[in-house]
>>> print(open('start.pdb').read())   # PDB, C-alpha atoms, pLDDT in the B column
MODEL        1
ATOM      1  CA  MET A   1     -31.237 -23.840 -36.927  1.00 82.00           C
ATOM      2  CA  ALA A   2     -33.896 -22.026 -38.930  1.00 87.00           C
ATOM      3  CA  TYR A   3     -37.338 -21.475 -37.461  1.00 93.00           C
ATOM      4  CA  GLU A   4     -40.624 -20.962 -39.253  1.00 94.00           C
ATOM      5  CA  TYR A   5     -42.285 -18.260 -37.214  1.00 96.00           C
ATOM      6  CA  PRO A   6     -46.048 -17.822 -37.493  1.00 97.00           C
ATOM      7  CA  ASP A   7     -47.186 -14.639 -39.219  1.00 96.00           C
ATOM      8  CA  ASP A   8     -48.855 -13.245 -36.099  1.00 97.00           C
ATOM      9  CA  LEU A   9     -45.628 -13.640 -34.125  1.00 97.00           C
ATOM     10  CA  LEU A  10     -43.628 -11.887 -36.860  1.00 96.00           C
ATOM     11  CA  THR A  11     -46.243  -9.123 -36.982  1.00 97.00           C
ATOM     12  CA  ALA A  12     -46.028  -8.656 -33.207  1.00 97.00           C
ATOM     13  CA  GLN A  13     -42.212  -8.470 -33.389  1.00 96.00           C
ATOM     14  CA  GLN A  14     -42.431  -5.949 -36.229  1.00 95.00           C
ATOM     15  CA  ALA A  15     -44.874  -3.835 -34.222  1.00 97.00           C
ATOM     16  CA  LEU A  16     -42.592  -4.054 -31.167  1.00 97.00           C
ATOM     17  CA  ASN A  17     -39.627  -2.897 -33.251  1.00 94.00           C
ATOM     18  CA  GLN A  18     -41.674   0.067 -34.504  1.00 96.00           C
ATOM     19  CA  VAL A  19     -42.886   1.035 -31.031  1.00 98.00           C
ATOM     20  CA  ARG A  20     -39.325   0.954 -29.720  1.00 97.00           C
ATOM     21  CA  ALA A  21     -38.163   3.116 -32.638  1.00 97.00           C
ATOM     22  CA  ASP A  22     -41.007   5.556 -31.954  1.00 98.00           C
ATOM     23  CA  LEU A  23     -40.048   5.713 -28.275  1.00 98.00           C
ATOM     24  CA  THR A  24     -36.401   6.337 -29.138  1.00 98.00           C
ATOM     25  CA  ASN A  25     -37.344   9.150 -31.509  1.00 98.00           C
ATOM     26  CA  LEU A  26     -39.651  10.681 -28.919  1.00 98.00           C
ATOM     27  CA  TYR A  27     -37.026  10.520 -26.164  1.00 97.00           C
ATOM     28  CA  GLU A  28     -34.488  12.221 -28.437  1.00 97.00           C
ATOM     29  CA  ARG A  29     -36.701  15.256 -28.925  1.00 97.00           C
ATOM     30  CA  LEU A  30     -37.993  15.564 -25.351  1.00 97.00           C
ATOM     31  CA  PRO A  31     -36.239  17.563 -22.635  1.00 95.00           C
ATOM     32  CA  TYR A  32     -33.921  15.434 -20.494  1.00 91.00           C
ATOM     33  CA  SER A  33     -36.091  15.863 -17.393  1.00 94.00           C
ATOM     34  CA  VAL A  34     -39.761  14.931 -17.052  1.00 96.00           C
ATOM     35  CA  GLU A  35     -40.244  17.575 -14.374  1.00 96.00           C
ATOM     36  CA  PRO A  36     -39.099  21.179 -14.812  1.00 96.00           C
ATOM     37  CA  MET A  37     -35.537  21.505 -13.535  1.00 95.00           C
ATOM     38  CA  GLU A  38     -33.132  24.379 -13.117  1.00 96.00           C
ATOM     39  CA  ALA A  39     -29.772  24.295 -14.888  1.00 94.00           C
ATOM     40  CA  TRP A  40     -27.121  22.409 -12.960  1.00 89.00           C
ATOM     41  CA  GLN A  41     -23.527  21.298 -13.161  1.00 87.00           C
ATOM     42  CA  ARG A  42     -22.101  17.916 -12.301  1.00 80.00           C
ATOM     43  CA  PRO A  43     -19.415  18.052  -9.592  1.00 78.00           C
ATOM     44  CA  GLU A  44     -15.794  17.623 -10.684  1.00 77.00           C
ATOM     45  CA  GLY A  45     -14.256  14.175 -10.600  1.00 72.00           C
ATOM     46  CA  TYR A  46     -17.031  12.204 -12.291  1.00 71.00           C
ATOM     47  CA  TRP A  47     -15.838   9.752 -14.905  1.00 72.00           C
ATOM     48  CA  LEU A  48     -18.658  10.444 -17.376  1.00 69.00           C
ATOM     49  CA  ALA A  49     -17.484  11.749 -20.729  1.00 70.00           C
ATOM     50  CA  THR A  50     -20.621  13.832 -21.251  1.00 72.00           C
ATOM     51  CA  SER A  51     -20.843  17.540 -20.647  1.00 74.00           C
ATOM     52  CA  PRO A  52     -20.636  18.502 -16.971  1.00 80.00           C
ATOM     53  CA  ALA A  53     -23.217  21.279 -17.467  1.00 86.00           C
ATOM     54  CA  TYR A  54     -26.925  20.730 -18.048  1.00 86.00           C
ATOM     55  CA  PRO A  55     -29.279  23.492 -19.182  1.00 92.00           C
ATOM     56  CA  ALA A  56     -32.601  24.218 -17.549  1.00 95.00           C
ATOM     57  CA  SER A  57     -35.317  21.774 -18.543  1.00 95.00           C
ATOM     58  CA  PRO A  58     -38.884  22.922 -19.063  1.00 97.00           C
ATOM     59  CA  GLY A  59     -40.044  19.375 -18.337  1.00 97.00           C
ATOM     60  CA  TRP A  60     -42.437  17.347 -20.410  1.00 97.00           C
ATOM     61  CA  MET A  61     -45.868  18.671 -21.285  1.00 97.00           C
ATOM     62  CA  GLU A  62     -48.838  16.566 -20.234  1.00 97.00           C
ATOM     63  CA  GLN A  63     -49.434  15.455 -23.835  1.00 98.00           C
ATOM     64  CA  GLU A  64     -45.815  14.271 -24.094  1.00 98.00           C
ATOM     65  CA  GLN A  65     -46.126  12.315 -20.848  1.00 98.00           C
ATOM     66  CA  LEU A  66     -49.309  10.671 -22.134  1.00 98.00           C
ATOM     67  CA  GLU A  67     -47.627   9.803 -25.431  1.00 98.00           C
ATOM     68  CA  VAL A  68     -44.674   8.172 -23.644  1.00 98.00           C
ATOM     69  CA  ALA A  69     -47.026   6.280 -21.316  1.00 98.00           C
ATOM     70  CA  ALA A  70     -49.098   4.991 -24.252  1.00 98.00           C
ATOM     71  CA  LEU A  71     -46.010   3.822 -26.146  1.00 98.00           C
ATOM     72  CA  ARG A  72     -44.597   2.122 -23.038  1.00 98.00           C
ATOM     73  CA  GLU A  73     -47.900   0.356 -22.453  1.00 98.00           C
ATOM     74  CA  ARG A  74     -48.022  -0.764 -26.088  1.00 98.00           C
ATOM     75  CA  GLU A  75     -44.422  -1.996 -25.762  1.00 98.00           C
ATOM     76  CA  ARG A  76     -45.324  -4.061 -22.667  1.00 98.00           C
ATOM     77  CA  ASP A  77     -48.414  -5.497 -24.356  1.00 98.00           C
ATOM     78  CA  LEU A  78     -46.492  -6.528 -27.467  1.00 98.00           C
ATOM     79  CA  ALA A  79     -43.695  -8.066 -25.395  1.00 97.00           C
ATOM     80  CA  ALA A  80     -46.309 -10.096 -23.506  1.00 98.00           C
ATOM     81  CA  VAL A  81     -47.878 -11.282 -26.784  1.00 98.00           C
ATOM     82  CA  ILE A  82     -44.479 -12.396 -28.050  1.00 97.00           C
ATOM     83  CA  LEU A  83     -43.344 -14.056 -24.824  1.00 96.00           C
ATOM     84  CA  THR A  84     -46.587 -15.967 -24.288  1.00 97.00           C
ATOM     85  CA  HIS A  85     -47.149 -17.010 -27.915  1.00 98.00           C
ATOM     86  CA  ALA A  86     -48.002 -20.696 -28.393  1.00 97.00           C
ATOM     87  CA  PHE A  87     -45.093 -21.040 -30.847  1.00 97.00           C
ATOM     88  CA  TRP A  88     -42.625 -21.256 -27.948  1.00 96.00           C
ATOM     89  CA  ASN A  89     -44.316 -24.456 -26.700  1.00 96.00           C
ATOM     90  CA  ASP A  90     -43.048 -26.210 -29.832  1.00 94.00           C
ATOM     91  CA  VAL A  91     -39.417 -25.140 -29.300  1.00 95.00           C
ATOM     92  CA  ASP A  92     -37.258 -27.236 -26.973  1.00 93.00           C
ATOM     93  CA  GLY A  93     -36.378 -25.373 -23.774  1.00 90.00           C
ATOM     94  CA  PRO A  94     -32.612 -25.114 -24.416  1.00 93.00           C
ATOM     95  CA  ALA A  95     -33.250 -23.844 -27.965  1.00 94.00           C
ATOM     96  CA  ARG A  96     -35.662 -21.063 -26.940  1.00 94.00           C
ATOM     97  CA  PRO A  97     -33.036 -18.370 -26.344  1.00 94.00           C
ATOM     98  CA  ASP A  98     -31.626 -18.984 -29.819  1.00 95.00           C
ATOM     99  CA  ALA A  99     -35.104 -18.986 -31.371  1.00 95.00           C
ATOM    100  CA  ARG A 100     -36.006 -15.763 -29.564  1.00 94.00           C
ATOM    101  CA  SER A 101     -32.795 -14.101 -30.708  1.00 93.00           C
ATOM    102  CA  LYS A 102     -33.408 -15.161 -34.297  1.00 94.00           C
ATOM    103  CA  LEU A 103     -36.978 -13.822 -34.128  1.00 95.00           C
ATOM    104  CA  ARG A 104     -35.594 -10.390 -33.265  1.00 90.00           C
ATOM    105  CA  HIS A 105     -33.625 -10.443 -36.501  1.00 87.00           C
ATOM    106  CA  ALA A 106     -36.002 -12.463 -38.708  1.00 87.00           C
ATOM    107  CA  LEU A 107     -37.553  -9.360 -40.282  1.00 81.00           C
ATOM    108  CA  ALA A 108     -34.171  -7.952 -41.244  1.00 74.00           C
ATOM    109  CA  ALA A 109     -33.091 -11.262 -42.738  1.00 65.00           C
ATOM    110  CA  ALA A 110     -36.329 -11.538 -44.746  1.00 63.00           C
ATOM    111  CA  SER A 111     -35.852  -8.041 -46.174  1.00 60.00           C
ATOM    112  CA  GLY A 112     -32.186  -8.461 -47.071  1.00 54.00           C
ATOM    113  CA  GLY A 113     -30.742  -6.763 -43.986  1.00 55.00           C
ATOM    114  CA  GLN A 114     -33.142  -3.817 -43.821  1.00 53.00           C
ATOM    115  CA  GLU A 115     -35.576  -3.724 -40.891  1.00 50.00           C
ATOM    116  CA  GLN A 116     -39.134  -3.412 -42.131  1.00 44.00           C
ATOM    117  CA  GLU A 117     -41.415  -0.825 -40.561  1.00 43.00           C
ATOM    118  CA  LEU A 118     -45.158  -0.874 -40.173  1.00 37.00           C
TER     119      LEU A 118
ENDMDL
END
>>> encode(input="start.pdb", output="C-alpha coordinates")
Amino acid sequence: MAYEYPDDLLTAQQALNQVRADLTNLYERLPYSVEPMEAWQRPEGYWLATSPAYPASPGWMEQEQLEVAALRERERDLAAVILTHAFWNDVDGPARPDARSKLRHALAAASGGQEQEL
(Lines of atoms letter the chains of each structure in order from A and count residues from 1; the text may use other names and numbers.)
(Lines give C-alpha, C1' and ligand atoms only; values in the text may rest on other atoms or scores of the structure.)
Protein backbone atom coordinates (compact mmCIF):
# COMPACT_ATOMS: atom_id res chain seq x y z
CA MET A 1 0.00 0.00 0.00
CA ALA A 2 1.24 3.48 -0.83
CA TYR A 3 0.85 6.29 1.67
CA GLU A 4 0.66 10.01 1.05
CA TYR A 5 2.74 11.44 3.85
CA PRO A 6 2.27 15.10 4.78
CA ASP A 7 5.19 17.37 3.95
CA ASP A 8 5.93 18.18 7.59
CA LEU A 9 6.20 14.48 8.42
CA LEU A 10 8.56 13.90 5.48
CA THR A 11 10.61 16.92 6.55
CA ALA A 12 10.86 15.59 10.11
CA GLN A 13 11.98 12.17 8.81
CA GLN A 14 14.56 13.82 6.55
CA ALA A 15 15.87 15.86 9.48
CA LEU A 16 16.01 12.72 11.64
CA ASN A 17 17.99 10.90 8.94
CA GLN A 18 20.45 13.82 8.80
CA VAL A 19 20.86 14.00 12.57
CA ARG A 20 21.56 10.28 12.72
CA ALA A 21 24.12 10.61 9.92
CA ASP A 22 25.75 13.52 11.77
CA LEU A 23 25.89 11.46 14.97
CA THR A 24 27.44 8.51 13.15
CA ASN A 25 30.09 10.74 11.59
CA LEU A 26 30.84 12.34 14.94
CA TYR A 27 31.14 8.99 16.73
CA GLU A 28 33.55 7.75 14.06
CA ARG A 29 35.98 10.58 14.69
CA LEU A 30 35.73 10.67 18.49
CA PRO A 31 37.91 8.58 20.81
CA TYR A 32 36.27 5.30 21.83
CA SER A 33 35.95 6.38 25.47
CA VAL A 34 34.13 9.46 26.76
CA GLU A 35 36.40 9.58 29.81
CA PRO A 36 40.19 9.42 29.55
CA MET A 37 41.29 5.79 29.73
CA GLU A 38 44.62 4.04 29.80
CA ALA A 39 45.47 1.50 27.11
CA TRP A 40 44.16 -1.97 27.86
CA GLN A 41 43.97 -5.45 26.43
CA ARG A 42 40.99 -7.75 26.33
CA PRO A 43 41.59 -11.08 28.10
CA GLU A 44 42.13 -14.15 25.91
CA GLY A 45 39.16 -16.32 25.04
CA TYR A 46 36.69 -13.62 24.01
CA TRP A 47 34.78 -14.38 20.84
CA LEU A 48 34.93 -10.83 19.46
CA ALA A 49 36.70 -10.54 16.13
CA THR A 50 37.99 -7.05 16.87
CA SER A 51 41.49 -6.26 18.03
CA PRO A 52 42.22 -7.45 21.57
CA ALA A 53 44.32 -4.33 22.27
CA TYR A 54 42.92 -0.84 22.76
CA PRO A 55 45.10 2.28 22.79
CA ALA A 56 44.89 4.96 25.44
CA SER A 57 41.93 7.28 24.98
CA PRO A 58 42.21 10.97 25.73
CA GLY A 59 38.45 11.07 26.26
CA TRP A 60 36.05 13.53 24.74
CA MET A 61 36.55 17.25 25.14
CA GLU A 62 33.73 19.21 26.73
CA GLN A 63 32.75 20.70 23.36
CA GLU A 64 32.50 17.20 21.86
CA GLN A 65 30.31 16.02 24.74
CA LEU A 66 28.03 19.03 24.26
CA GLU A 67 27.82 18.38 20.52
CA VAL A 68 26.84 14.73 21.08
CA ALA A 69 24.28 15.75 23.72
CA ALA A 70 22.73 18.35 21.40
CA LEU A 71 22.47 15.87 18.51
CA ARG A 72 20.96 13.20 20.78
CA GLU A 73 18.41 15.69 22.08
CA ARG A 74 17.54 16.75 18.53
CA GLU A 75 17.20 13.07 17.58
CA ARG A 76 14.78 12.46 20.48
CA ASP A 77 12.75 15.56 19.62
CA LEU A 78 12.43 14.59 15.96
CA ALA A 79 11.48 11.01 16.85
CA ALA A 80 8.75 12.38 19.14
CA VAL A 81 7.44 14.65 16.35
CA ILE A 82 7.27 11.70 13.98
CA LEU A 83 5.73 9.25 16.44
CA THR A 84 3.06 11.67 17.66
CA HIS A 85 2.15 13.15 14.26
CA ALA A 86 -1.59 13.33 13.55
CA PHE A 87 -1.06 11.38 10.31
CA TRP A 88 -0.86 8.11 12.27
CA ASN A 89 -4.45 8.59 13.51
CA ASP A 90 -5.63 8.08 9.92
CA VAL A 91 -3.75 4.78 9.48
CA ASP A 92 -5.41 1.60 10.73
CA GLY A 93 -3.61 0.13 13.74
CA PRO A 94 -2.40 -3.08 12.03
CA ALA A 95 -1.09 -1.07 9.06
CA ARG A 96 0.95 1.40 11.14
CA PRO A 97 4.15 -0.65 11.29
CA ASP A 98 4.13 -0.95 7.50
CA ALA A 99 3.39 2.76 7.09
CA ARG A 100 6.17 3.68 9.52
CA SER A 101 8.63 1.44 7.70
CA LYS A 102 7.70 2.95 4.36
CA LEU A 103 8.12 6.47 5.78
CA ARG A 104 11.72 5.63 6.66
CA HIS A 105 12.36 4.86 3.01
CA ALA A 106 9.97 7.35 1.36
CA LEU A 107 12.71 9.94 0.78
CA ALA A 108 14.95 7.43 -0.95
CA ALA A 109 12.11 6.23 -3.15
CA ALA A 110 11.19 9.81 -4.11
CA SER A 111 14.79 10.57 -5.11
CA GLY A 112 15.33 7.39 -7.12
CA GLY A 113 17.12 5.41 -4.41
CA GLN A 114 19.38 8.18 -3.11
CA GLU A 115 18.68 9.49 0.40
CA GLN A 116 18.20 13.24 0.35
CA GLU A 117 20.05 15.37 2.88
CA LEU A 118 19.07 18.68 4.37
>>> closest_residue(input="start.pdb", among="A:Val91, A:Ala99, A:Met1, A:Ala12", to="Leu78 in chain A", atoms="all atoms listed in the file")
A:Ala12
>>> resolve_selection(input="start.pdb", expression="the PyMOL selection byres ((chain A and resi 19-23) around 12)", output="NGL selection string")
:A and (12-18 or 24-30 or 64-65 or 67-79 or 115-118)
>>> residues_near_point(input="start.pdb", point="(-38.3, 21.1, -20.1)", cutoff="12 Å", atoms="all atoms listed in the file", output="list in words")
Arg29, Leu30, Pro31, Tyr32, Ser33, Val34, Glu35, Pro36, Met37, Glu38, Ala39, Tyr54, Pro55, Ala56, Ser57, Pro58, Gly59, Trp60, Met61, Glu62, Glu64 and Gln65 of chain A
>>> resolve_selection(input="start.pdb", expression="the PyMOL selection byres ((chain A and resi 10) around 9)", output="number ranges by chain")
A: 5-9, 11-15, 82, 103-104, 106-107
>>> atom_distance(input="start.pdb", atom1="CA of Ala2 in chain A", atom2="CA of Leu83 in chain A")
18.8 Å
>>> build_atoms(input="start.pdb", residues="range 6-27 of chain A", atoms="N, CA and C atoms", output="PDB file, in the frame of the given file")
ATOM      1  N   PRO A   6     -44.705 -18.134 -37.000  1.00 97.00           N
ATOM      2  CA  PRO A   6     -46.048 -17.822 -37.493  1.00 97.00           C
ATOM      3  C   PRO A   6     -46.157 -16.325 -37.835  1.00 97.00           C
ATOM      4  N   ASP A   7     -47.031 -16.023 -38.771  1.00 96.00           N
ATOM      5  CA  ASP A   7     -47.186 -14.639 -39.219  1.00 96.00           C
ATOM      6  C   ASP A   7     -47.569 -13.689 -38.087  1.00 96.00           C
ATOM      7  N   ASP A   8     -48.435 -14.150 -37.177  1.00 97.00           N
ATOM      8  CA  ASP A   8     -48.855 -13.245 -36.099  1.00 97.00           C
ATOM      9  C   ASP A   8     -47.707 -12.938 -35.141  1.00 97.00           C
ATOM     10  N   LEU A   9     -46.800 -13.879 -34.975  1.00 97.00           N
ATOM     11  CA  LEU A   9     -45.628 -13.640 -34.125  1.00 97.00           C
ATOM     12  C   LEU A   9     -44.669 -12.661 -34.806  1.00 97.00           C
ATOM     13  N   LEU A  10     -44.466 -12.836 -36.108  1.00 96.00           N
ATOM     14  CA  LEU A  10     -43.628 -11.887 -36.860  1.00 96.00           C
ATOM     15  C   LEU A  10     -44.248 -10.490 -36.865  1.00 96.00           C
ATOM     16  N   THR A  11     -45.552 -10.414 -36.995  1.00 97.00           N
ATOM     17  CA  THR A  11     -46.243  -9.123 -36.982  1.00 97.00           C
ATOM     18  C   THR A  11     -46.092  -8.444 -35.625  1.00 97.00           C
ATOM     19  N   ALA A  12     -46.202  -9.217 -34.551  1.00 97.00           N
ATOM     20  CA  ALA A  12     -46.028  -8.656 -33.207  1.00 97.00           C
ATOM     21  C   ALA A  12     -44.600  -8.148 -33.016  1.00 97.00           C
ATOM     22  N   GLN A  13     -43.608  -8.916 -33.506  1.00 96.00           N
ATOM     23  CA  GLN A  13     -42.212  -8.470 -33.389  1.00 96.00           C
ATOM     24  C   GLN A  13     -41.982  -7.213 -34.203  1.00 96.00           C
ATOM     25  N   GLN A  14     -42.568  -7.140 -35.390  1.00 95.00           N
ATOM     26  CA  GLN A  14     -42.431  -5.949 -36.229  1.00 95.00           C
ATOM     27  C   GLN A  14     -43.059  -4.737 -35.536  1.00 95.00           C
ATOM     28  N   ALA A  15     -44.217  -4.930 -34.941  1.00 97.00           N
ATOM     29  CA  ALA A  15     -44.874  -3.835 -34.222  1.00 97.00           C
ATOM     30  C   ALA A  15     -44.046  -3.405 -33.017  1.00 97.00           C
ATOM     31  N   LEU A  16     -43.451  -4.371 -32.313  1.00 97.00           N
ATOM     32  CA  LEU A  16     -42.592  -4.054 -31.167  1.00 97.00           C
ATOM     33  C   LEU A  16     -41.376  -3.251 -31.608  1.00 97.00           C
ATOM     34  N   ASN A  17     -40.766  -3.649 -32.721  1.00 94.00           N
ATOM     35  CA  ASN A  17     -39.627  -2.897 -33.251  1.00 94.00           C
ATOM     36  C   ASN A  17     -40.025  -1.453 -33.550  1.00 94.00           C
ATOM     37  N   GLN A  18     -41.210  -1.272 -34.143  1.00 96.00           N
ATOM     38  CA  GLN A  18     -41.674   0.067 -34.504  1.00 96.00           C
ATOM     39  C   GLN A  18     -41.957   0.903 -33.265  1.00 96.00           C
ATOM     40  N   VAL A  19     -42.591   0.309 -32.266  1.00 98.00           N
ATOM     41  CA  VAL A  19     -42.886   1.035 -31.031  1.00 98.00           C
ATOM     42  C   VAL A  19     -41.593   1.470 -30.352  1.00 98.00           C
ATOM     43  N   ARG A  20     -40.611   0.598 -30.333  1.00 97.00           N
ATOM     44  CA  ARG A  20     -39.325   0.954 -29.720  1.00 97.00           C
ATOM     45  C   ARG A  20     -38.628   2.060 -30.500  1.00 97.00           C
ATOM     46  N   ALA A  21     -38.732   2.034 -31.822  1.00 97.00           N
ATOM     47  CA  ALA A  21     -38.163   3.116 -32.638  1.00 97.00           C
ATOM     48  C   ALA A  21     -38.903   4.429 -32.372  1.00 97.00           C
ATOM     49  N   ASP A  22     -40.214   4.354 -32.249  1.00 98.00           N
ATOM     50  CA  ASP A  22     -41.007   5.556 -31.954  1.00 98.00           C
ATOM     51  C   ASP A  22     -40.641   6.135 -30.587  1.00 98.00           C
ATOM     52  N   LEU A  23     -40.456   5.255 -29.609  1.00 98.00           N
ATOM     53  CA  LEU A  23     -40.048   5.713 -28.275  1.00 98.00           C
ATOM     54  C   LEU A  23     -38.674   6.376 -28.314  1.00 98.00           C
ATOM     55  N   THR A  24     -37.749   5.773 -29.024  1.00 98.00           N
ATOM     56  CA  THR A  24     -36.401   6.337 -29.138  1.00 98.00           C
ATOM     57  C   THR A  24     -36.457   7.719 -29.769  1.00 98.00           C
ATOM     58  N   ASN A  25     -37.216   7.847 -30.850  1.00 98.00           N
ATOM     59  CA  ASN A  25     -37.344   9.150 -31.509  1.00 98.00           C
ATOM     60  C   ASN A  25     -37.989  10.179 -30.592  1.00 98.00           C
ATOM     61  N   LEU A  26     -38.986   9.767 -29.841  1.00 98.00           N
ATOM     62  CA  LEU A  26     -39.651  10.681 -28.919  1.00 98.00           C
ATOM     63  C   LEU A  26     -38.701  11.127 -27.815  1.00 98.00           C
ATOM     64  N   TYR A  27     -37.980  10.181 -27.222  1.00 97.00           N
ATOM     65  CA  TYR A  27     -37.026  10.520 -26.164  1.00 97.00           C
ATOM     66  C   TYR A  27     -35.961  11.501 -26.658  1.00 97.00           C
TER      67      TYR A  27
END
